[in-house]
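Enquirer: Below is target.txt; it holds compact mmCIF, C-alpha atoms.
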# COMPACT_ATOMS: atom_id res chain seq x y z
CA MET Q 28 1.57 11.46 -38.16
CA SER Q 29 0.70 7.75 -38.11
CA ASN Q 30 1.92 6.40 -34.76
CA LEU Q 31 4.96 8.69 -34.64
CA THR Q 32 3.55 10.94 -31.96
CA GLN Q 33 1.69 8.24 -30.03
CA PRO Q 34 3.04 6.62 -26.86
CA THR Q 35 5.35 3.68 -27.47
CA THR Q 36 7.54 1.26 -25.57
CA PHE Q 37 11.23 0.98 -26.41
CA THR Q 38 13.58 -1.45 -24.60
CA GLY Q 39 11.04 -1.46 -21.80
CA MET Q 40 10.94 2.34 -21.53
CA LYS Q 41 7.53 3.94 -21.92
CA LEU Q 42 7.94 6.95 -24.21
CA ASP Q 43 5.49 9.65 -25.22
CA ASN Q 44 6.42 9.24 -28.90
CA ARG Q 45 8.96 7.80 -31.33
CA PHE Q 46 11.18 10.89 -31.58
CA ALA Q 47 14.61 10.91 -29.94
CA LEU Q 48 17.07 13.74 -29.61
CA ALA Q 49 20.24 12.64 -31.39
CA PRO Q 50 23.49 12.93 -29.42
CA MET Q 51 25.33 16.18 -30.24
CA THR Q 52 28.61 17.38 -28.76
CA ARG Q 53 28.10 20.69 -26.93
CA THR Q 54 31.44 21.15 -25.04
CA SER Q 55 29.67 23.13 -22.32
CA ALA Q 56 30.45 21.26 -19.09
CA ASP Q 57 32.65 22.81 -16.42
CA PRO Q 58 36.39 22.49 -17.14
CA ASP Q 59 36.57 19.49 -14.79
CA GLY Q 60 33.85 17.69 -16.77
CA THR Q 61 30.99 18.31 -14.34
CA PRO Q 62 27.58 18.91 -15.95
CA ASN Q 63 26.18 22.29 -14.95
CA GLY Q 64 22.97 24.30 -14.92
CA LEU Q 65 23.46 25.40 -18.51
CA MET Q 66 23.45 21.75 -19.60
CA ALA Q 67 20.38 21.02 -17.46
CA ASP Q 68 18.53 23.90 -19.15
CA HIS Q 69 19.67 22.63 -22.55
CA TYR Q 70 18.45 19.06 -22.17
CA GLU Q 71 15.27 20.07 -20.38
CA ALA Q 72 14.35 22.26 -23.38
CA TYR Q 73 14.23 19.19 -25.65
CA ALA Q 74 12.09 17.29 -23.18
CA ARG Q 75 9.69 20.24 -22.96
CA GLY Q 76 9.80 20.46 -26.74
CA GLY Q 77 8.25 17.01 -27.01
CA PHE Q 78 11.07 14.51 -27.58
CA GLY Q 79 10.09 11.16 -26.10
CA LEU Q 80 13.73 10.20 -25.57
CA VAL Q 81 16.78 12.39 -25.03
CA ILE Q 82 20.23 10.95 -25.84
CA THR Q 83 23.09 12.94 -24.36
CA GLU Q 84 26.31 14.01 -26.00
CA GLY Q 85 29.29 11.68 -25.82
CA THR Q 86 30.52 11.49 -22.21
CA TYR Q 87 34.02 10.38 -21.27
CA THR Q 88 34.50 7.24 -19.26
CA ASP Q 89 37.86 7.33 -17.45
CA GLU Q 90 40.71 9.57 -16.32
CA LEU Q 91 43.16 7.98 -18.73
CA ALA Q 92 42.66 8.84 -22.41
CA SER Q 93 38.91 8.70 -23.07
CA GLN Q 94 38.22 12.45 -23.03
CA GLY Q 95 38.29 13.96 -26.51
CA TYR Q 96 37.30 17.61 -26.11
CA ALA Q 97 37.75 20.48 -23.69
CA ASN Q 98 34.63 21.03 -21.56
CA GLN Q 99 33.31 17.60 -22.48
CA PRO Q 100 31.27 16.06 -19.65
CA GLY Q 101 32.46 12.93 -17.91
CA ILE Q 102 30.83 10.44 -15.56
CA ILE Q 103 33.83 9.15 -13.63
CA ASN Q 104 33.45 10.62 -10.12
CA ASP Q 105 30.86 11.61 -7.53
CA GLN Q 106 30.83 15.27 -8.54
CA GLN Q 107 30.05 14.45 -12.15
CA ILE Q 108 27.41 11.93 -11.09
CA GLU Q 109 25.71 14.61 -8.99
CA GLY Q 110 25.83 17.05 -11.91
CA TRP Q 111 24.18 14.52 -14.18
CA LYS Q 112 21.52 13.76 -11.54
CA THR Q 113 20.29 17.34 -11.90
CA VAL Q 114 20.09 16.96 -15.69
CA VAL Q 115 18.27 13.64 -15.39
CA ASP Q 116 15.79 14.97 -12.84
CA ARG Q 117 14.98 18.00 -15.02
CA VAL Q 118 14.40 15.84 -18.10
CA HIS Q 119 12.23 13.41 -16.16
CA ALA Q 120 10.19 16.25 -14.66
CA ALA Q 121 9.53 17.52 -18.19
CA GLY Q 122 8.15 14.10 -19.19
CA SER Q 123 10.95 12.44 -21.18
CA LYS Q 124 13.36 9.56 -20.70
CA ILE Q 125 17.10 10.10 -20.98
CA VAL Q 126 19.93 7.82 -22.10
CA ILE Q 127 23.61 8.69 -21.71
CA GLN Q 128 26.05 8.13 -24.53
CA LEU Q 129 29.41 6.81 -23.29
CA MET Q 130 32.42 7.65 -25.46
CA HIS Q 131 36.15 7.02 -25.65
CA ALA Q 132 37.84 9.37 -28.12
CA GLY Q 133 40.71 7.09 -29.09
CA ALA Q 134 42.66 8.74 -31.92
CA GLN Q 135 39.97 11.39 -32.41
CA PHE Q 136 41.43 13.38 -29.54
CA GLN Q 137 41.46 17.19 -29.41
CA ALA Q 138 41.81 17.93 -25.67
CA ASN Q 139 42.18 15.88 -22.52
CA ARG Q 140 42.83 17.20 -19.02
CA PHE Q 141 44.53 13.98 -17.90
CA THR Q 142 47.03 13.31 -20.70
CA ASP Q 143 48.47 14.70 -23.90
CA GLN Q 144 48.88 11.25 -25.43
CA PRO Q 145 45.95 9.70 -27.28
CA LEU Q 146 45.58 5.94 -27.33
CA ALA Q 147 44.12 4.05 -30.29
CA PRO Q 148 44.13 0.59 -31.87
CA SER Q 149 47.25 1.53 -33.88
CA ALA Q 150 49.53 4.53 -34.29
CA VAL Q 151 47.31 5.98 -37.03
CA SER Q 152 45.74 9.44 -37.03
CA PRO Q 153 42.27 10.26 -38.34
CA LYS Q 154 41.95 11.54 -41.87
CA GLY Q 155 41.21 15.22 -42.38
CA GLN Q 156 41.58 17.96 -39.80
CA PRO Q 157 40.40 18.31 -36.21
CA LEU Q 158 36.96 19.85 -35.81
CA GLY Q 159 37.18 23.60 -35.33
CA PHE Q 160 33.71 23.55 -33.76
CA TYR Q 161 35.15 21.72 -30.77
CA GLY Q 162 38.61 23.20 -30.22
CA ASP Q 163 41.57 25.13 -31.54
CA GLN Q 164 43.80 22.18 -32.38
CA THR Q 165 44.97 22.38 -36.00
CA ALA Q 166 46.55 18.93 -36.38
CA TRP Q 167 45.92 15.50 -34.91
CA THR Q 168 48.33 14.15 -32.30
CA LEU Q 169 49.68 10.79 -33.40
CA PRO Q 170 48.15 8.18 -31.09
CA MET Q 171 50.05 5.43 -29.36
CA ALA Q 172 48.98 1.87 -30.11
CA MET Q 173 47.12 0.43 -27.15
CA THR Q 174 48.62 -2.42 -25.19
CA GLU Q 175 46.41 -5.25 -23.98
CA GLU Q 176 46.48 -3.59 -20.55
CA ASP Q 177 45.27 -0.32 -22.15
CA ILE Q 178 42.43 -2.20 -23.83
CA ARG Q 179 41.37 -3.82 -20.57
CA ALA Q 180 41.46 -0.43 -18.83
CA ALA Q 181 39.31 1.17 -21.53
CA ILE Q 182 36.70 -1.59 -21.28
CA GLU Q 183 36.73 -1.32 -17.50
CA GLY Q 184 36.22 2.43 -17.85
CA PHE Q 185 33.10 1.90 -19.93
CA ALA Q 186 31.74 -0.55 -17.36
CA LYS Q 187 32.38 1.74 -14.38
CA ALA Q 188 30.91 4.71 -16.23
CA ALA Q 189 27.80 2.66 -17.02
CA ALA Q 190 27.36 1.79 -13.34
CA ASN Q 191 27.79 5.48 -12.49
CA ALA Q 192 25.17 6.42 -15.08
CA LYS Q 193 22.71 3.98 -13.59
CA ALA Q 194 23.39 5.49 -10.17
CA ALA Q 195 22.75 8.97 -11.62
CA GLY Q 196 19.26 7.88 -12.66
CA PHE Q 197 19.69 7.53 -16.41
CA ASP Q 198 17.15 5.30 -18.14
CA GLY Q 199 19.75 3.53 -20.25
CA ILE Q 200 23.21 3.47 -21.85
CA GLU Q 201 24.30 4.06 -25.43
CA LEU Q 202 27.87 3.09 -26.30
CA HIS Q 203 29.46 5.28 -28.96
CA GLY Q 204 30.61 2.79 -31.57
CA ALA Q 205 30.32 5.22 -34.48
CA ASN Q 206 31.76 8.34 -36.11
CA GLY Q 207 35.44 7.54 -35.66
CA TYR Q 208 35.70 7.15 -31.88
CA LEU Q 209 37.52 4.28 -30.18
CA LEU Q 210 35.05 1.40 -30.61
CA ASN Q 211 34.53 2.39 -34.23
CA GLN Q 212 38.31 2.59 -34.67
CA PHE Q 213 38.75 -1.04 -33.71
CA LEU Q 214 36.27 -1.99 -36.44
CA SER Q 215 37.92 0.24 -39.04
CA THR Q 216 40.73 -0.94 -41.30
CA HIS Q 217 41.89 2.68 -41.55
CA PHE Q 218 42.63 2.84 -37.82
CA ASN Q 219 43.21 -0.81 -36.95
CA HIS Q 220 46.47 -2.20 -38.33
CA ARG Q 221 47.09 -4.56 -35.43
CA LYS Q 222 48.81 -7.90 -35.97
CA ASP Q 223 47.55 -9.50 -32.76
CA GLY Q 224 44.17 -11.00 -31.91
CA TYR Q 225 42.45 -7.59 -32.11
CA GLY Q 226 43.33 -6.90 -35.75
CA GLY Q 227 43.02 -8.39 -39.21
CA ALA Q 228 39.79 -10.32 -39.75
CA LEU Q 229 36.54 -8.66 -38.74
CA ALA Q 230 35.97 -11.28 -36.04
CA ASN Q 231 39.19 -10.06 -34.38
CA ARG Q 232 38.38 -6.37 -34.90
CA LEU Q 233 35.05 -7.00 -33.17
CA LYS Q 234 36.55 -8.32 -29.94
CA VAL Q 235 36.88 -4.99 -28.14
CA VAL Q 236 33.36 -3.96 -29.12
CA ILE Q 237 31.91 -7.27 -27.95
CA GLY Q 238 33.95 -7.14 -24.77
CA THR Q 239 32.71 -3.65 -24.01
CA VAL Q 240 29.06 -4.54 -24.55
CA ARG Q 241 29.41 -7.56 -22.28
CA ALA Q 242 31.25 -5.62 -19.57
CA VAL Q 243 28.62 -2.89 -19.56
CA ARG Q 244 25.83 -5.46 -19.48
CA ASP Q 245 27.45 -7.12 -16.48
CA ALA Q 246 27.84 -3.73 -14.76
CA VAL Q 247 24.21 -2.68 -15.09
CA GLY Q 248 22.38 -5.99 -14.93
CA PRO Q 249 20.11 -7.88 -17.31
CA ASP Q 250 17.08 -5.56 -17.32
CA TYR Q 251 18.71 -2.18 -17.89
CA PRO Q 252 18.63 -0.82 -21.47
CA VAL Q 253 22.00 -0.94 -23.23
CA GLY Q 254 22.59 -0.03 -26.86
CA ILE Q 255 25.32 0.99 -29.27
CA ARG Q 256 25.57 3.58 -32.02
CA LEU Q 257 27.07 2.25 -35.26
CA SER Q 258 28.26 3.86 -38.48
CA GLN Q 259 30.74 3.24 -41.25
CA GLY Q 260 31.90 6.79 -41.96
CA THR Q 261 33.56 9.07 -39.42
CA VAL Q 262 33.25 12.78 -38.72
CA THR Q 263 36.33 13.52 -40.83
CA ASP Q 264 36.05 10.62 -43.30
CA PRO Q 265 32.38 10.19 -44.22
CA GLU Q 266 33.24 8.02 -47.23
CA TYR Q 267 34.86 5.16 -45.28
CA ARG Q 268 33.24 1.78 -45.94
CA LEU Q 269 33.79 -1.59 -44.30
CA PRO Q 270 35.80 -3.79 -46.68
CA GLU Q 271 33.50 -6.67 -45.72
CA GLY Q 272 30.48 -4.71 -46.98
CA GLU Q 273 26.92 -5.60 -46.09
CA ASP Q 274 27.83 -9.08 -44.84
CA GLY Q 275 30.38 -7.52 -42.52
CA PHE Q 276 27.94 -5.02 -41.10
CA ARG Q 277 25.40 -7.79 -40.55
CA GLN Q 278 28.14 -9.67 -38.67
CA ILE Q 279 28.66 -6.63 -36.42
CA VAL Q 280 24.93 -6.28 -35.78
CA THR Q 281 24.59 -9.95 -34.88
CA ALA Q 282 27.65 -9.86 -32.63
CA VAL Q 283 26.58 -6.86 -30.54
CA ARG Q 284 23.03 -8.19 -30.30
CA ASP Q 285 24.29 -11.54 -29.05
CA ALA Q 286 26.68 -9.82 -26.61
CA GLY Q 287 23.74 -8.16 -24.87
CA ALA Q 288 22.79 -4.98 -26.73
CA ASP Q 289 19.09 -4.16 -26.56
CA PHE Q 290 19.21 -1.58 -29.33
CA ILE Q 291 21.37 -0.38 -32.21
CA HIS Q 292 21.43 3.26 -33.25
CA THR Q 293 22.48 3.62 -36.89
CA THR Q 294 23.77 6.92 -38.22
CA ASP Q 295 24.55 7.82 -41.82
CA GLY Q 296 24.26 10.78 -44.15
CA GLY Q 297 20.74 9.61 -44.96
CA VAL Q 298 18.76 6.97 -43.09
CA ASP Q 299 17.60 5.13 -46.19
CA GLN Q 300 20.55 5.71 -48.52
CA PRO Q 301 22.37 2.61 -49.83
CA ALA Q 302 25.32 1.98 -47.56
CA PHE Q 303 27.18 -0.80 -49.34
CA GLU Q 304 28.63 -1.33 -52.79
CA GLY Q 305 26.36 -3.48 -54.91
CA SER Q 306 23.44 -3.30 -52.48
CA GLU Q 307 20.39 -1.10 -52.00
CA HIS Q 308 20.36 -1.76 -48.26
CA SER Q 309 20.95 0.97 -45.71
CA LEU Q 310 22.55 0.45 -42.31
CA ALA Q 311 19.11 0.71 -40.72
CA SER Q 312 17.53 -1.81 -43.07
CA VAL Q 313 20.24 -4.36 -42.29
CA VAL Q 314 19.53 -4.01 -38.57
CA GLN Q 315 15.79 -4.27 -39.17
CA GLU Q 316 16.16 -7.38 -41.34
CA THR Q 317 18.61 -9.04 -38.94
CA GLY Q 318 16.13 -8.68 -36.09
CA GLY Q 319 16.31 -9.51 -32.43
CA VAL Q 320 17.36 -6.00 -31.45
CA GLU Q 321 15.53 -2.67 -31.31
CA LEU Q 322 16.43 0.19 -33.62
CA VAL Q 323 17.11 3.92 -33.53
CA ILE Q 324 17.67 5.60 -36.90
CA ASN Q 325 19.54 8.84 -37.57
CA GLY Q 326 20.61 10.78 -40.63
CA GLY Q 327 18.82 13.60 -42.39
CA ILE Q 328 15.49 13.17 -40.57
CA ASP Q 329 13.24 16.22 -40.77
CA GLU Q 330 9.63 17.26 -41.17
CA THR Q 331 9.58 16.25 -44.84
CA ASN Q 332 10.52 12.58 -44.45
CA SER Q 333 9.72 11.54 -40.88
CA GLN Q 334 6.35 10.09 -41.84
CA SER Q 335 7.71 7.95 -44.67
CA LEU Q 336 10.66 6.79 -42.55
CA ALA Q 337 8.28 5.89 -39.72
CA GLN Q 338 6.41 3.64 -42.13
CA GLN Q 339 9.60 2.16 -43.58
CA PHE Q 340 10.94 1.41 -40.09
CA PRO Q 341 7.70 0.87 -38.14
CA GLN Q 342 9.29 -0.12 -34.83
CA ALA Q 343 12.19 2.34 -34.82
CA LEU Q 344 12.78 5.56 -32.94
CA LEU Q 345 13.70 8.52 -35.14
CA ALA Q 346 16.70 10.47 -33.79
CA VAL Q 347 16.77 14.09 -34.94
CA GLY Q 348 19.95 16.18 -34.85
CA LYS Q 349 20.31 19.38 -36.90
CA LYS Q 350 16.59 20.17 -37.05
CA ALA Q 351 16.37 19.59 -33.28
CA LEU Q 352 19.27 21.95 -32.63
CA ALA Q 353 17.50 24.59 -34.69
CA ASN Q 354 14.12 23.77 -33.10
CA PRO Q 355 14.29 22.31 -29.58
CA ASP Q 356 10.48 22.10 -29.80
CA PHE Q 357 10.66 20.21 -33.12
CA VAL Q 358 8.19 17.53 -32.02
CA GLN Q 359 5.64 19.99 -30.68
CA ARG Q 360 5.94 22.10 -33.83
CA LEU Q 361 5.36 19.02 -35.95
CA LYS Q 362 2.23 18.17 -33.95
CA ASP Q 363 0.93 21.72 -34.21
CA GLY Q 364 1.75 22.14 -37.90
CA LYS Q 365 4.03 25.11 -37.18
CA ALA Q 366 6.99 26.22 -39.29
CA ILE Q 367 10.28 24.45 -38.61
CA ALA Q 368 13.50 26.39 -39.15
CA ASP Q 369 16.67 25.14 -40.80
CA LEU Q 370 19.88 25.14 -38.79
CA ASP Q 371 21.95 28.28 -39.20
CA PHE Q 372 25.54 27.11 -38.70
CA ALA Q 373 26.39 30.56 -37.34
CA MET Q 374 24.80 29.19 -34.18
CA LEU Q 375 27.88 26.99 -33.82
CA GLN Q 376 30.45 29.77 -34.21
CA PRO Q 377 33.09 30.28 -33.08
CA LYS Q 378 32.55 27.07 -31.11
CA ALA Q 379 29.61 24.66 -30.85
CA THR Q 380 28.76 25.57 -27.27
CA ILE Q 381 25.43 26.17 -25.59
CA THR Q 382 26.54 29.70 -24.70
CA ASN Q 383 27.16 30.57 -28.36
CA GLU Q 384 23.85 28.99 -29.34
CA LEU Q 385 22.01 31.14 -26.80
CA ALA Q 386 23.84 34.28 -27.96
CA TRP Q 387 22.80 33.52 -31.55
CA ARG Q 388 19.19 33.01 -30.47
CA LYS Q 389 19.17 36.31 -28.61
CA ALA Q 390 20.69 38.17 -31.56
CA ASN Q 391 18.22 36.60 -33.98
CA ALA Q 392 15.21 36.63 -31.64
CA ALA Q 393 14.88 32.89 -32.21
Could you show the structure in this file as C-alpha cells?
Expert:
Amino acid sequence: MSNLTQPTTFTGMKLDNRFALAPMTRTSADPDGTPNGLMADHYEAYARGGFGLVITEGTYTDELASQGYANQPGIINDQQIEGWKTVVDRVHAAGSKIVIQLMHAGAQFQANRFTDQPLAPSAVSPKGQPLGFYGDQTAWTLPMAMTEEDIRAAIEGFAKAAANAKAAGFDGIELHGANGYLLNQFLSTHFNHRKDGYGGALANRLKVVIGTVRAVRDAVGPDYPVGIRLSQGTVTDPEYRLPEGEDGFRQIVTAVRDAGADFIHTTDGGVDQPAFEGSEHSLASVVQETGGVELVINGGIDETNSQSLAQQFPQALLAVGKKALANPDFVQRLKDGKAIADLDFAMLQPKATITNELAWRKANAA
C-alpha cells in the first residue's frame, strides 16, 4: 500500500495513515441539535476501523438560518459543545484525529428549528428537488437575498462555531464551501445574481468565502488547522461548472490559501476526472499544482484505485465516503486483504439516519 497506511503528518496533526472519513450527513442528532450517544458510537466505529482522520458531517453554525436539515447537529451552545466533547473523546481514545465540518445551508434548506425562511446570496432556489434522504420536503422554499447585515451575521456564526469546536477538543475545522451550501452559493453564478460588491466578477463572489476563512482563522489562532471543502457541482446540480473555468478555480484556491486556509478538500464525481472544459486537470490537480496548501481528495475512492491515487497525489489524504459507509473498517480491511462490500442504498432508506443504517445491518447480518 505504498505509504498509504503508514503514519503521516497533516497540517501538524500526526495521523496513523492517509485515509480520512469523508463528511456524510447522518441527521441523527437530538431534535435540538445536540450530538448523542448514537453519534459517538458511529464516529468511534470509523476510528476503530482504521481511519487516520475523521471528518464530521456538516454542523450548523448559528440560530438564524444556517441549519439545513432536521436532526442536524449544531455547535452553537454549551449543550451541543458537551455532546461533541463525548464524540471527540471517543474518537481520540480509538486512536484517530477528528475535524468538524462547519456548514451554513443557505438556499439548500430543508428544515430549520429557528426559522422557516432560508437566506442565500440571491432569491434563487437550487436546481432539482430536495433530498428525500434527509427530509420530507418536496419543493425548495424560495430564499431571501441576504442583506449585508445577514452576511456579517453568517460570517460571525462561522467564527463563533469554530471557537466552540476548538473548546470541544476538535483537532481542526473544515468549512463547507462545496456541494451547493452557502459559501459555495456565493461562488456560483447560478445562485449569486447580486449587483453589489458580493456579485458579478469572481473576485467579488469570493469576498464572503475569504471573509469567512479569515474570521475563523482569527477565532482559533494561527496554529490551529483550518481548511475548506471545495467543489463545482452541487448535490442537486452535479453538472454546474464555474464560468471562469480552470483559471477561476485556481483563483479560488489561491485566495483561500492566502486568507489562512491550511488545507483544501476537493470533491468531485471522480478525483482525477477532468473538471474544466478544454483541460485535463482535475480539481485536486489544480490544488496540487498551485501549492502552498495541503490537500484532501474525495470522489470515487475505493480499494481499486486508492494506491494509484496515492501515487498521483503523494502528499494528499484520501477521503472515503460510500465505501466507508458500507465498511466502517475499510482501512483495516484494506490492510488485511479482506473483502470490501459495496454500499447498498437500502441502508439509507427511508432516511439516511444512523438508526436506519443499524437496522439494515441487523437485517442483513452485516
Enquirer: Quick one: distance from atom CA of Q:Leu146 to atom CA of Q:Leu210 in Å, one decimal?
Expert: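 Atom CA of Q:Leu210 lies at a distance of 11.9 Å from atom CA of Q:Leu146.
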Enquirer: Which is closer to Q:Val253 than all the others in Q:His217, Q:Lys389, Q:His292, Q:Lys222, using all atoms listed in the file?
Expert: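 Between Q:His217, Q:Lys389, Q:His292, Q:Lys222, the residue approaching Q:Val253 most closely is Q:His292.
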Enquirer: When you count all atoms listed in the file, which of these residues is closest to Q:Gly275: Q:Val81, Q:Gln334, Q:Leu310, Q:Lys154?
Expert: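 Using all atoms listed in the file, Q:Gly275 sits closest to Q:Leu310.
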Enquirer: Could you jot down the atom CA of Q:Val118 to atom CA of Q:Asn63 separation for me, Å, one decimal place?
Expert: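 If I compute the distance from atom CA of Q:Val118 to atom CA of Q:Asn63, I get 13.8 Å.
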Enquirer: Could you name the residues that touch Q:Asp299 at 10 Å or less, counting all atoms listed in the file, but leaving out those on the same chain fewer than 2 positions away, as a list in words?
Expert: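 The filter keeps Asp295, Gly296, Gly297, Pro301, Ala302, Glu307, His308, Ser309, Leu310, Ala311, Ser312, Ile324, Asn325, Gly326, Gly327, Leu336, Gln339 and Phe340 of chain Q.
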Enquirer: Point out the residue among Q:Lys187, Q:Arg268, Q:Arg232, Q:Lys378 with the least atom-to-atom distance to Q:Asn219, counting all atoms listed in the file.
Expert: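 Answer, going by the shortest atom-to-atom distance: Q:Arg232.
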Enquirer: Measuring between all atoms listed in the file, which one of Q:Asp369, Q:Asp105, Q:Asp356, Q:Glu176 shows the shortest distance to Q:His69?
Expert: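 When distances to Q:His69 are compared using all atoms listed in the file, the smallest one comes from Q:Asp356.
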Enquirer: Which residue, Q:Ile291, Q:Ile102, Q:Ala181, Q:Met40, has the smallest gap to Q:His131 when you use only C-alpha atoms?
Expert: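 The shortest atom-to-atom distance to Q:His131 comes from Q:Ala181.
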Enquirer: Please check which residues have atoms at most 10 Å from (24.0, -2.1, -15.6) in the file's coordinates, counting all atoms listed in the file, and write them as a PyMOL selection string.
Expert: chain Q and resi 186-194+199-200+242-253
Enquirer: Measure the distance from atom CA of Q:Thr88 to atom CA of Q:Thr142 in Å and round it to one decimal.
Expert: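 About the pair atom CA of Q:Thr88 and atom CA of Q:Thr142: they are 14.0 Å apart.
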Enquirer: Can you tell me which residues surround Q:Thr35 at a distance of at most 10 Å, considering only C-alpha atoms, apart from same-chain residues fewer than 6 positions away, and format the answer as a list in words?
Expert: Lys41, Leu42, Asp43, Asn44, Arg45, Gly79, Gln342 and Leu344 of chain Q
Enquirer: Please write as a count of residues only the list of polymer residues whose atoms come within 10 Å of (10.6, 23.5, -40.2), counting only C-alpha atoms and keeping to the coordinates of the file.
Expert: 17
